[in-house]
$ cat target_32.cif   # mmCIF, C-alpha atoms (C1' of nucleotides)
data_target
#
loop_
_atom_site.label_atom_id
_atom_site.label_comp_id
_atom_site.auth_asym_id
_atom_site.auth_seq_id
_atom_site.Cartn_x
_atom_site.Cartn_y
_atom_site.Cartn_z
CA MET A 1 10.60 -9.36 118.20
CA GLN A 2 13.32 -6.74 117.89
CA ALA A 3 14.24 -4.98 114.67
CA VAL A 4 17.85 -5.46 113.66
CA ILE A 5 20.05 -3.15 111.65
CA ASP A 6 23.72 -3.62 110.93
CA GLY A 7 23.74 -6.44 113.38
CA GLU A 8 22.87 -4.07 116.21
CA GLN A 9 19.83 -4.61 118.38
CA MET A 10 17.48 -1.68 118.64
CA ASN A 11 15.16 -1.09 121.51
CA THR A 12 11.70 0.27 120.81
CA THR A 13 12.66 3.87 121.56
CA GLU A 14 15.55 3.85 119.12
CA GLN A 15 13.35 2.25 116.52
CA ILE A 16 10.71 4.95 116.90
CA ASP A 17 13.38 7.64 116.73
CA GLN A 18 14.53 6.30 113.43
CA VAL A 19 11.04 6.02 111.99
CA ARG A 20 10.33 9.55 113.09
CA ASP A 21 13.45 11.00 111.51
CA ASP A 22 12.63 9.20 108.30
CA PHE A 23 9.07 10.49 108.39
CA ILE A 24 10.28 14.03 108.95
CA THR A 25 12.64 13.81 106.01
CA ARG A 26 9.92 12.55 103.72
CA MET A 27 7.40 15.13 104.79
CA GLY A 28 9.91 17.86 104.10
CA VAL A 29 9.96 16.72 100.50
CA ILE A 30 6.19 16.42 100.30
CA ALA A 31 5.82 19.92 101.70
CA MET A 32 8.08 21.32 99.01
CA GLY A 33 5.77 19.78 96.42
CA GLU A 34 2.91 21.70 97.98
CA GLY A 35 4.57 25.06 97.99
CA LEU A 36 5.76 25.00 101.57
CA PRO A 37 9.45 25.36 102.45
CA ARG A 38 11.02 22.08 103.47
CA MET A 39 11.65 23.18 107.03
CA SER A 40 8.02 24.12 107.64
CA GLY A 41 7.04 20.70 106.42
CA GLN A 42 9.50 19.05 108.75
CA ILE A 43 8.25 21.00 111.74
CA PHE A 44 4.70 20.07 110.83
CA ALA A 45 5.71 16.42 110.53
CA MET A 46 7.41 16.52 113.89
CA LEU A 47 4.30 17.92 115.53
CA VAL A 48 2.08 15.31 113.89
CA PHE A 49 4.38 12.56 115.03
CA GLU A 50 4.87 13.69 118.60
CA GLY A 51 1.37 14.83 119.34
CA GLU A 52 2.26 16.68 122.49
CA PRO A 53 3.55 20.26 122.46
CA ILE A 54 7.21 20.65 121.49
CA ALA A 55 9.47 23.45 122.67
CA PHE A 56 11.02 26.00 120.36
CA GLY A 57 14.50 24.98 121.42
CA ALA A 58 13.73 21.30 120.94
CA LEU A 59 12.68 21.95 117.36
CA SER A 60 15.95 23.73 116.67
CA ARG A 61 17.93 20.92 118.23
CA ARG A 62 16.03 17.99 116.79
CA LEU A 63 15.94 19.38 113.28
CA SER A 64 19.56 20.59 113.43
CA VAL A 65 18.66 24.05 112.29
CA SER A 66 19.20 27.56 113.64
CA ARG A 67 16.70 29.29 115.89
CA ALA A 68 16.22 31.93 113.25
CA THR A 69 15.01 29.32 110.81
CA ILE A 70 12.63 27.85 113.35
CA SER A 71 11.26 31.30 114.03
CA THR A 72 10.46 32.09 110.41
CA SER A 73 9.18 28.61 109.64
CA ILE A 74 6.93 28.75 112.67
CA ARG A 75 5.57 32.10 111.58
CA LEU A 76 4.59 30.70 108.21
CA LEU A 77 2.83 27.73 109.79
CA GLU A 78 1.01 29.99 112.22
CA GLU A 79 -0.09 32.32 109.43
CA ARG A 80 -1.63 29.38 107.67
CA GLY A 81 -3.36 28.25 110.82
CA LEU A 82 -1.60 24.90 110.87
CA ILE A 83 -0.06 25.09 114.31
CA ARG A 84 -0.61 26.92 117.53
CA ARG A 85 1.65 28.30 120.17
CA VAL A 86 1.02 27.22 123.73
CA ASN A 87 2.53 28.39 126.98
CA LYS A 88 3.67 26.04 129.66
CA THR A 89 3.66 27.55 133.08
CA GLY A 90 7.08 27.39 134.65
CA ASP A 91 8.88 27.33 131.30
CA ARG A 92 9.83 30.43 129.38
CA GLN A 93 10.00 28.67 126.08
CA ASP A 94 7.20 28.68 123.56
CA TYR A 95 5.67 25.33 122.80
CA PHE A 96 3.94 24.33 119.60
CA GLN A 97 1.38 21.78 118.62
CA LEU A 98 -0.89 21.08 115.68
CA ALA A 99 -3.88 23.35 115.40
CA ASP A 100 -7.13 21.56 116.19
CA ASP A 101 -8.34 22.15 112.66
CA ALA A 102 -4.96 21.84 110.95
CA TYR A 103 -6.16 19.73 108.05
CA ALA A 104 -9.15 21.92 107.44
CA ALA A 105 -6.81 24.92 107.45
CA MET A 106 -4.55 23.22 104.91
CA THR A 107 -7.54 22.63 102.69
CA LYS A 108 -8.75 26.19 103.04
CA TYR A 109 -5.37 27.52 102.05
CA ALA A 110 -5.44 25.47 98.88
CA LEU A 111 -9.00 26.61 98.31
CA ALA A 112 -7.95 30.25 98.57
CA GLY A 113 -5.40 29.55 95.85
CA THR A 114 -7.86 28.05 93.41
CA ARG A 115 -10.37 30.82 94.06
CA HIS A 116 -7.71 33.37 93.43
CA ALA A 117 -6.83 31.71 90.15
CA LYS A 118 -10.45 31.75 89.11
CA ALA A 119 -10.73 35.41 90.02
CA GLU A 120 -7.71 36.25 87.87
CA ILE A 121 -9.25 34.51 84.91
CA ASN A 122 -12.58 36.25 85.43
CA ASP A 123 -10.82 39.56 85.69
CA THR A 124 -9.10 38.90 82.40
CA MET A 125 -12.42 38.04 80.79
CA SER A 126 -13.96 41.28 81.96
CA LYS A 127 -11.31 43.20 80.05
CA LEU A 128 -11.93 41.46 76.76
CA PRO A 129 -13.68 43.36 73.99
CA GLU A 130 -17.17 42.15 73.20
CA ASP A 131 -16.27 40.44 69.97
CA ALA A 132 -13.51 38.21 71.35
CA GLU A 133 -15.84 35.25 71.54
CA GLY A 134 -13.37 32.44 71.07
CA VAL A 135 -11.02 33.69 73.74
CA ARG A 136 -13.92 34.25 76.09
CA ALA A 137 -15.15 30.70 75.64
CA ARG A 138 -11.73 29.24 76.36
CA LEU A 139 -11.16 31.37 79.43
CA ASP A 140 -14.60 30.38 80.57
CA SER A 141 -13.67 26.71 80.40
CA PHE A 142 -10.49 27.42 82.28
CA ALA A 143 -12.37 29.30 84.99
CA ALA A 144 -14.93 26.51 85.18
CA PHE A 145 -12.13 24.09 85.87
CA TYR A 146 -10.88 26.10 88.82
CA ASP A 147 -14.44 26.41 89.98
CA THR A 148 -14.88 22.65 89.97
CA ILE A 149 -11.70 22.22 91.98
CA SER A 150 -12.80 24.93 94.38
CA GLU A 151 -16.13 23.25 94.97
CA ALA A 152 -14.42 19.96 95.68
CA LEU A 153 -11.99 21.56 98.13
CA ASP A 154 -14.77 23.44 99.82
CA ASP A 155 -16.53 20.16 100.30
CA VAL A 156 -13.38 18.58 101.71
CA ALA A 157 -12.88 21.48 104.10
CA THR A 158 -16.26 20.90 105.66
CA ARG A 159 -15.86 17.14 105.80
CA VAL A 160 -12.35 16.97 107.23
CA SER A 161 -12.57 15.95 110.84
CA LYS A 162 -10.34 17.51 113.42
CA PRO A 163 -7.12 15.58 113.86
CA LYS A 164 -7.05 13.61 117.09
CA ILE A 165 -4.36 15.05 119.25
CA MET B 1 -16.70 52.35 72.16
CA GLN B 2 -12.92 52.27 72.13
CA ALA B 3 -10.79 51.70 75.20
CA VAL B 4 -8.53 54.60 76.00
CA ILE B 5 -5.21 54.51 77.78
CA ASP B 6 -2.88 57.42 78.29
CA GLY B 7 -4.98 59.42 75.91
CA GLU B 8 -4.17 57.03 73.08
CA GLN B 9 -6.87 55.23 71.15
CA MET B 10 -6.50 51.47 70.95
CA ASN B 11 -8.01 49.33 68.29
CA THR B 12 -9.48 45.97 69.20
CA THR B 13 -6.37 44.00 68.25
CA GLU B 14 -4.09 46.10 70.40
CA GLN B 15 -6.54 45.82 73.24
CA ILE B 16 -6.58 42.05 73.00
CA ASP B 17 -2.80 41.92 72.82
CA GLN B 18 -2.59 43.82 76.06
CA VAL B 19 -5.16 41.66 77.80
CA ARG B 20 -3.33 38.56 76.65
CA ASP B 21 0.06 39.74 77.88
CA ASP B 22 -1.47 40.60 81.22
CA PHE B 23 -3.15 37.21 81.41
CA ILE B 24 0.12 35.46 80.61
CA THR B 25 1.95 37.36 83.32
CA ARG B 26 -0.66 36.48 85.91
CA MET B 27 -0.81 32.83 84.99
CA GLY B 28 2.97 32.62 85.31
CA VAL B 29 2.55 33.61 88.95
CA ILE B 30 -0.36 31.23 89.52
CA ALA B 31 1.65 28.39 88.02
CA MET B 32 4.50 29.03 90.44
CA GLY B 33 2.02 28.66 93.27
CA GLU B 34 1.13 25.24 91.93
CA GLY B 35 4.64 23.95 91.63
CA LEU B 36 5.12 24.66 87.95
CA PRO B 37 7.94 26.92 86.74
CA ARG B 38 6.71 30.34 85.70
CA MET B 39 7.58 29.84 82.05
CA SER B 40 5.57 26.65 81.75
CA GLY B 41 2.60 28.48 83.17
CA GLN B 42 3.04 31.29 80.69
CA ILE B 43 3.19 28.92 77.77
CA PHE B 44 0.09 27.17 79.03
CA ALA B 45 -1.69 30.51 79.38
CA MET B 46 -0.71 31.50 75.86
CA LEU B 47 -2.13 28.28 74.48
CA VAL B 48 -5.37 28.69 76.41
CA PHE B 49 -5.73 32.23 75.18
CA GLU B 50 -4.94 31.60 71.54
CA GLY B 51 -6.74 28.32 71.08
CA GLU B 52 -5.11 27.50 67.80
CA PRO B 53 -1.70 25.78 67.58
CA ILE B 54 1.28 28.07 68.18
CA ALA B 55 4.71 27.54 66.69
CA PHE B 56 7.82 26.85 68.74
CA GLY B 57 9.51 29.94 67.39
CA ALA B 58 6.48 32.10 68.07
CA LEU B 59 6.51 31.04 71.71
CA SER B 60 10.15 32.03 72.02
CA ARG B 61 9.49 35.40 70.40
CA ARG B 62 6.23 36.27 72.12
CA LEU B 63 7.45 35.31 75.58
CA SER B 64 10.88 36.93 75.05
CA VAL B 65 12.72 33.84 76.12
CA SER B 66 15.40 31.62 74.59
CA ARG B 67 14.55 28.59 72.52
CA ALA B 68 16.30 26.42 75.07
CA THR B 69 13.88 27.56 77.73
CA ILE B 70 10.92 26.89 75.48
CA SER B 71 12.25 23.41 74.79
CA THR B 72 12.56 22.45 78.46
CA SER B 73 9.32 24.10 79.48
CA ILE B 74 7.50 22.34 76.69
CA ARG B 75 8.94 19.03 77.76
CA LEU B 76 7.59 19.49 81.26
CA LEU B 77 4.13 20.37 79.97
CA GLU B 78 4.14 17.38 77.64
CA GLU B 79 5.22 15.05 80.42
CA ARG B 80 2.27 16.20 82.44
CA GLY B 81 -0.06 15.70 79.49
CA LEU B 82 -1.11 19.34 79.42
CA ILE B 83 -0.21 20.13 75.83
CA ARG B 84 0.34 18.28 72.60
CA ARG B 85 2.68 18.74 69.72
CA VAL B 86 1.13 18.95 66.29
CA ASN B 87 2.70 19.01 62.85
CA LYS B 88 1.65 21.43 60.20
CA THR B 89 2.31 20.21 56.72
CA GLY B 90 4.54 22.58 54.85
CA ASP B 91 6.12 23.98 57.99
CA ARG B 92 9.12 22.46 59.68
CA GLN B 93 8.37 23.99 63.02
CA ASP B 94 6.61 22.15 65.81
CA TYR B 95 3.28 23.57 66.86
CA PHE B 96 1.64 23.22 70.22
CA GLN B 97 -1.86 23.35 71.54
CA LEU B 98 -3.70 22.41 74.70
CA ALA B 99 -4.26 18.71 75.18
CA ASP B 100 -7.91 17.75 74.76
CA ASP B 101 -8.02 16.63 78.36
CA ALA B 102 -5.64 19.23 79.75
CA TYR B 103 -7.68 20.04 82.82
CA ALA B 104 -8.26 16.41 83.64
CA ALA B 105 -4.52 15.87 83.28
CA MET B 106 -3.83 18.73 85.68
CA THR B 107 -6.16 17.19 88.18
CA LYS B 108 -4.61 13.77 87.80
CA TYR B 109 -1.17 15.18 88.42
CA ALA B 110 -2.34 16.73 91.67
CA LEU B 111 -4.04 13.47 92.53
CA ALA B 112 -0.82 11.56 92.03
CA GLY B 113 0.80 13.93 94.52
CA THR B 114 -1.79 13.41 97.24
CA ARG B 115 -1.74 9.65 96.73
CA HIS B 116 2.01 9.67 97.00
CA ALA B 117 1.80 11.61 100.25
CA LYS B 118 -0.67 9.11 101.62
CA ALA B 119 1.58 6.24 100.60
CA GLU B 120 4.52 7.81 102.41
CA ILE B 121 2.48 8.10 105.57
CA ASN B 122 1.26 4.54 105.30
CA ASP B 123 4.78 3.34 104.75
CA THR B 124 5.87 5.14 107.88
CA MET B 125 3.04 3.52 109.83
CA SER B 126 4.06 0.08 108.69
CA LYS B 127 7.47 0.58 110.28
CA LEU B 128 6.13 1.54 113.68
CA PRO B 129 6.44 -0.93 116.51
CA GLU B 130 3.16 -2.42 117.67
CA ASP B 131 2.96 -0.45 120.87
CA ALA B 132 3.26 3.02 119.34
CA GLU B 133 -0.47 3.52 119.47
CA GLY B 134 -0.59 7.30 119.80
CA VAL B 135 1.71 7.90 116.87
CA ARG B 136 -0.20 5.41 114.79
CA ALA B 137 -3.49 7.14 115.48
CA ARG B 138 -2.11 10.54 114.51
CA LEU B 139 -0.54 9.27 111.32
CA ASP B 140 -3.79 7.55 110.54
CA SER B 141 -5.64 10.88 110.77
CA PHE B 142 -3.04 12.49 108.56
CA ALA B 143 -3.35 9.72 105.99
CA ALA B 144 -7.13 9.96 106.15
CA PHE B 145 -6.86 13.63 105.28
CA TYR B 146 -4.86 12.93 102.15
CA ASP B 147 -7.30 10.19 101.33
CA THR B 148 -10.22 12.59 101.52
CA ILE B 149 -8.42 15.04 99.25
CA SER B 150 -7.57 12.23 96.86
CA GLU B 151 -11.17 11.12 96.64
CA ALA B 152 -12.28 14.64 95.91
CA LEU B 153 -9.67 15.07 93.18
CA ASP B 154 -10.53 11.72 91.69
CA ASP B 155 -14.10 12.87 91.50
CA VAL B 156 -13.06 16.13 89.85
CA ALA B 157 -10.93 14.29 87.33
CA THR B 158 -13.90 12.31 86.10
CA ARG B 159 -16.23 15.30 86.07
CA VAL B 160 -13.96 17.79 84.32
CA SER B 161 -15.17 18.25 80.81
CA LYS B 162 -12.76 18.57 77.96
CA PRO B 163 -11.80 22.17 77.30
CA LYS B 164 -13.47 23.53 74.20
CA ILE B 165 -10.77 24.29 71.70
"C1'" DC C 1 20.23 45.71 138.63
"C1'" DA C 2 23.22 42.40 136.21
"C1'" DG C 3 23.16 38.22 133.90
"C1'" DA C 4 20.89 34.50 131.52
"C1'" DC C 5 17.60 33.03 128.37
"C1'" DT C 6 13.98 33.63 124.74
"C1'" DG C 7 12.10 34.73 120.12
"C1'" DT C 8 12.43 38.03 116.16
"C1'" DT C 9 14.55 40.50 112.51
"C1'" DC C 10 17.67 41.33 108.91
"C1'" DA C 11 21.96 41.59 106.06
"C1'" DG C 12 24.68 38.55 104.04
"C1'" DA C 13 26.05 33.59 102.96
"C1'" DT C 14 24.59 29.38 100.99
"C1'" DA C 15 21.97 26.46 98.21
"C1'" DA C 16 18.60 25.53 94.65
"C1'" DT C 17 16.19 26.73 90.64
"C1'" DT C 18 15.75 28.67 86.19
"C1'" DC C 19 17.56 30.69 82.01
"C1'" DT C 20 20.94 31.23 78.36
"C1'" DG C 21 24.34 30.49 74.62
"C1'" DA C 22 26.92 27.24 72.32
"C1'" DA C 23 27.35 22.73 70.60
"C1'" DT C 24 24.95 18.92 68.47
"C1'" DA C 25 22.07 16.15 65.53
"C1'" DG C 26 18.33 15.54 62.47
"C1'" DA C 27 15.54 17.00 58.48
"C1'" DC C 28 14.58 19.58 54.56
"C1'" DT C 29 16.00 22.38 50.20
"C1'" DT C 30 18.59 23.47 46.34
"C1'" DA D 1 26.76 17.72 49.29
"C1'" DA D 2 26.50 22.19 51.28
"C1'" DG D 3 23.61 25.28 53.44
"C1'" DT D 4 19.32 26.28 56.31
"C1'" DC D 5 16.33 25.66 59.70
"C1'" DT D 6 14.84 22.96 63.48
"C1'" DA D 7 14.67 21.15 68.52
"C1'" DT D 8 17.48 19.28 72.27
"C1'" DT D 9 21.08 19.06 75.65
"C1'" DC D 10 24.22 20.80 78.87
"C1'" DA D 11 27.74 23.66 81.32
"C1'" DG D 12 27.74 27.78 83.28
"C1'" DA D 13 25.38 32.40 84.38
"C1'" DA D 14 21.74 34.69 86.54
"C1'" DT D 15 18.16 34.75 89.52
"C1'" DT D 16 15.50 33.30 93.53
"C1'" DA D 17 14.69 30.94 97.74
"C1'" DT D 18 16.43 29.47 102.07
"C1'" DC D 19 19.40 29.43 106.05
"C1'" DT D 20 22.55 31.49 109.35
"C1'" DG D 21 24.85 34.51 112.75
"C1'" DA D 22 24.70 38.68 114.98
"C1'" DA D 23 22.20 42.36 116.94
"C1'" DC D 24 18.20 43.40 119.44
"C1'" DA D 25 14.29 43.74 122.71
"C1'" DG D 26 11.69 41.56 126.02
"C1'" DT D 27 11.33 38.64 130.36
"C1'" DC D 28 12.61 36.23 134.05
"C1'" DT D 29 15.93 35.14 138.00
"C1'" DG D 30 18.96 35.75 141.56
#

$ encode --input "target_32.cif" --output "structure tokens"
Amino acid sequence: MQAVIDGEQMNTTEQIDQVRDDFITRMGVIAMGEGLPRMSGQIFAMLVFEGEPIAFGALSRRLSVSRATISTSIRLLEERGLIRRVNKTGDRQDYFQLADDAYAAMTKYALAGTRHAKAEINDTMSKLPEDAEGVRARLDSFAAFYDTISEALDDVATRVSKPKI
Amino acid sequence: MQAVIDGEQMNTTEQIDQVRDDFITRMGVIAMGEGLPRMSGQIFAMLVFEGEPIAFGALSRRLSVSRATISTSIRLLEERGLIRRVNKTGDRQDYFQLADDAYAAMTKYALAGTRHAKAEINDTMSKLPEDAEGVRARLDSFAAFYDTISEALDDVATRVSKPKI
DNA sequence: CAGACTGTTCAGATAATTCTGAATAGACTT
DNA sequence: AAGTCTATTCAGAATTATCTGAACAGTCTG
């Protein structure tokens, strides 16, 4: 059974190409919602989809974006521990693939954010005069909220299994 | 014991004012990290800090921002169920305070995001040809990750107690 | 060594977000 | 009804984030 679009037959490879491009586009949007630049999200999506290491130049070509953009997007993803750079003997290019613990790393990054938020609130509380009871109680609730989220994320981080490459 | 800054004595009220302004500034930054515009975060912070309902005009004045900005920021916060608008008899202005279930609402918003991400991945999987086994397995892991996060957030949403106003 | 190729950096261009002032409409007061 | 005060909307300004091209430094190849 072949998929048909605009009356044209598609072979399996073309079909996968189209699904992949669509996936990449969508993940770019999702990434933006999570505080990542679109392009980093698209690179991540590409690596998830392909599985095997992808060359620097291929990323630039396939995502229709300059090498400079790839370079900075890659740096961000590496800093967050989401991808890793691998060397292929006999090829000068850098190759990239998902980090073994990419999903755990994603979770830990979010966790760092919620812990930071909690710390900011606690710091504010420490500066309050003794008699500001109402404010203290409200900030305490707010901090408790971030603490609950942090606990949940911490739990997720330990549970998340390594993605099968 | 009075706090001292630059050799000047501060009374308790001034001290609290300073702590509050600092808190508001910080929460604006935190909010940006969570995909909220800075000003919405600052309004939210102000409402947490003050506890009692705050007037539309007061928000504009205290945050040194136009009424138009307050209006749009407020709308966003209302849409997310984080604050509620209250009427004070004998005053034409709108007043705002934290929603009773503000923290639960925050959690649910995040949850909606992770569920949406999972749905996008599942949708992509449904379009794959039968024989794309490797891709399917990787997308499945990715979806499972978002599912784990979603479960955790769902759990948080039910556990989060109402903030004490 | 000269030439080709690679990834990084950075100033400036481009695009997207966020804020403002003016216009508008509704509601209250006198 | 006329005059205030209110919140909202929206076009454009201001700000911020993102992308690019060029310059660069390193590495390999012939």

$ residues_around --input "target_32.cif" --residues "stretch 140-155 of chain A" --least-positions-apart "3" --cutoff "6 Å" --atoms "only C-alpha atoms (C1' of nucleotides)" --output "ChimeraX atom specification"
/A:111,114,118,136-137,158 /B:152,163

$ closest_atom_pairs --input "target_32.cif" --of "chain B" --to "chain C" --cutoff "10 Å" --atoms "all atoms listed in the file" --output "tab-separated table"
residue	atom	partner	partner_atom	distance
B:Pro37	CA	C:DT18	C1'	8.0
B:Arg38	CA	C:DT18	C1'	9.2
B:Met39	CA	C:DT18	C1'	9.2
B:Val65	CA	C:DC19	C1'	8.2
B:Ser66	CA	C:DT20	C1'	6.7
B:Arg67	CA	C:DT20	C1'	9.1
B:Ala68	CA	C:DT20	C1'	7.4
B:Thr69	CA	C:DC19	C1'	6.5
B:Arg92	CA	C:DC28	C1'	8.0

$ write_last_selection --input "target_32.cif" --atoms "C-alpha atoms" --output "PDB file, in the coordinates of the input"
ATOM      1  CA  PRO B  37       7.940  26.920  86.740  1.00  0.00           C
ATOM      2  CA  ARG B  38       6.710  30.340  85.700  1.00  0.00           C
ATOM      3  CA  MET B  39       7.580  29.840  82.050  1.00  0.00           C
ATOM      4  CA  VAL B  65      12.720  33.840  76.120  1.00  0.00           C
ATOM      5  CA  SER B  66      15.400  31.620  74.590  1.00  0.00           C
ATOM      6  CA  ARG B  67      14.550  28.590  72.520  1.00  0.00           C
ATOM      7  CA  ALA B  68      16.300  26.420  75.070  1.00  0.00           C
ATOM      8  CA  THR B  69      13.880  27.560  77.730  1.00  0.00           C
ATOM      9  CA  ARG B  92       9.120  22.460  59.680  1.00  0.00           C
TER      10      ARG B  92
END

$ atom_distance --input "target_32.cif" --atom1 "atom CA of B:Val160" --atom2 "atom CA of B:Thr25"
25.2 Å

$ interface_residues --input "target_32.cif" --of "chain B" --to "chain D" --cutoff "10 Å" --atoms "all atoms listed in the file" --output "PyMOL selection string"
chain B and resi 56-57+67-68+70-72+92-94

$ write_last_selection --input "target_32.cif" --atoms "C-alpha atoms" --output "CSV table (one decimal), keeping the file's coordinate frame"
chain,number,residue,atom,x,y,z
B,56,PHE,CA,7.8,26.8,68.7
B,57,GLY,CA,9.5,29.9,67.4
B,67,ARG,CA,14.6,28.6,72.5
B,68,ALA,CA,16.3,26.4,75.1
B,70,ILE,CA,10.9,26.9,75.5
B,71,SER,CA,12.2,23.4,74.8
B,72,THR,CA,12.6,22.4,78.5
B,92,ARG,CA,9.1,22.5,59.7
B,93,GLN,CA,8.4,24.0,63.0
B,94,ASP,CA,6.6,22.2,65.8

$ resolve_selection --input "target_32.cif" --expression "the PyMOL selection byres ((chain B) within 9 of (chain A))" --output "VMD selection string"
chain B and resid 3 12 15 to 16 19 to 20 22 to 23 26 to 27 30 32 to 35 48 to 51 103 to 104 107 113 116 to 117 120 to 121 124 to 125 127 to 129 131 to 132 134 to 139 141 to 142 144 to 145 148 to 149 152 to 153 155 to 156 159 to 165

$ axis_aligned_box --input "target_32.cif" --around "stretch 17-29 of chain C" --padding-each-side "3 Å" --output "lines of an AutoDock Vina configuration file"
center_x = 21.0
center_y = 23.4
center_z = 70.4
size_x = 18.8
size_y = 21.7
size_z = 46.4

$ closest_residue --input "target_32.cif" --among "B:Leu76, B:Ala119, B:Ile43, B:Ile83" --to "B:Arg61" --atoms "only C-alpha atoms"
B:Ile43

$ atom_distance --input "target_32.cif" --atom1 "atom CA of B:Val86" --atom2 "atom CA of B:Pro53"
7.5 Å

$ atom_distance --input "target_32.cif" --atom1 "atom CA of B:Lys108" --atom2 "atom CA of B:Arg84"
16.6 Å
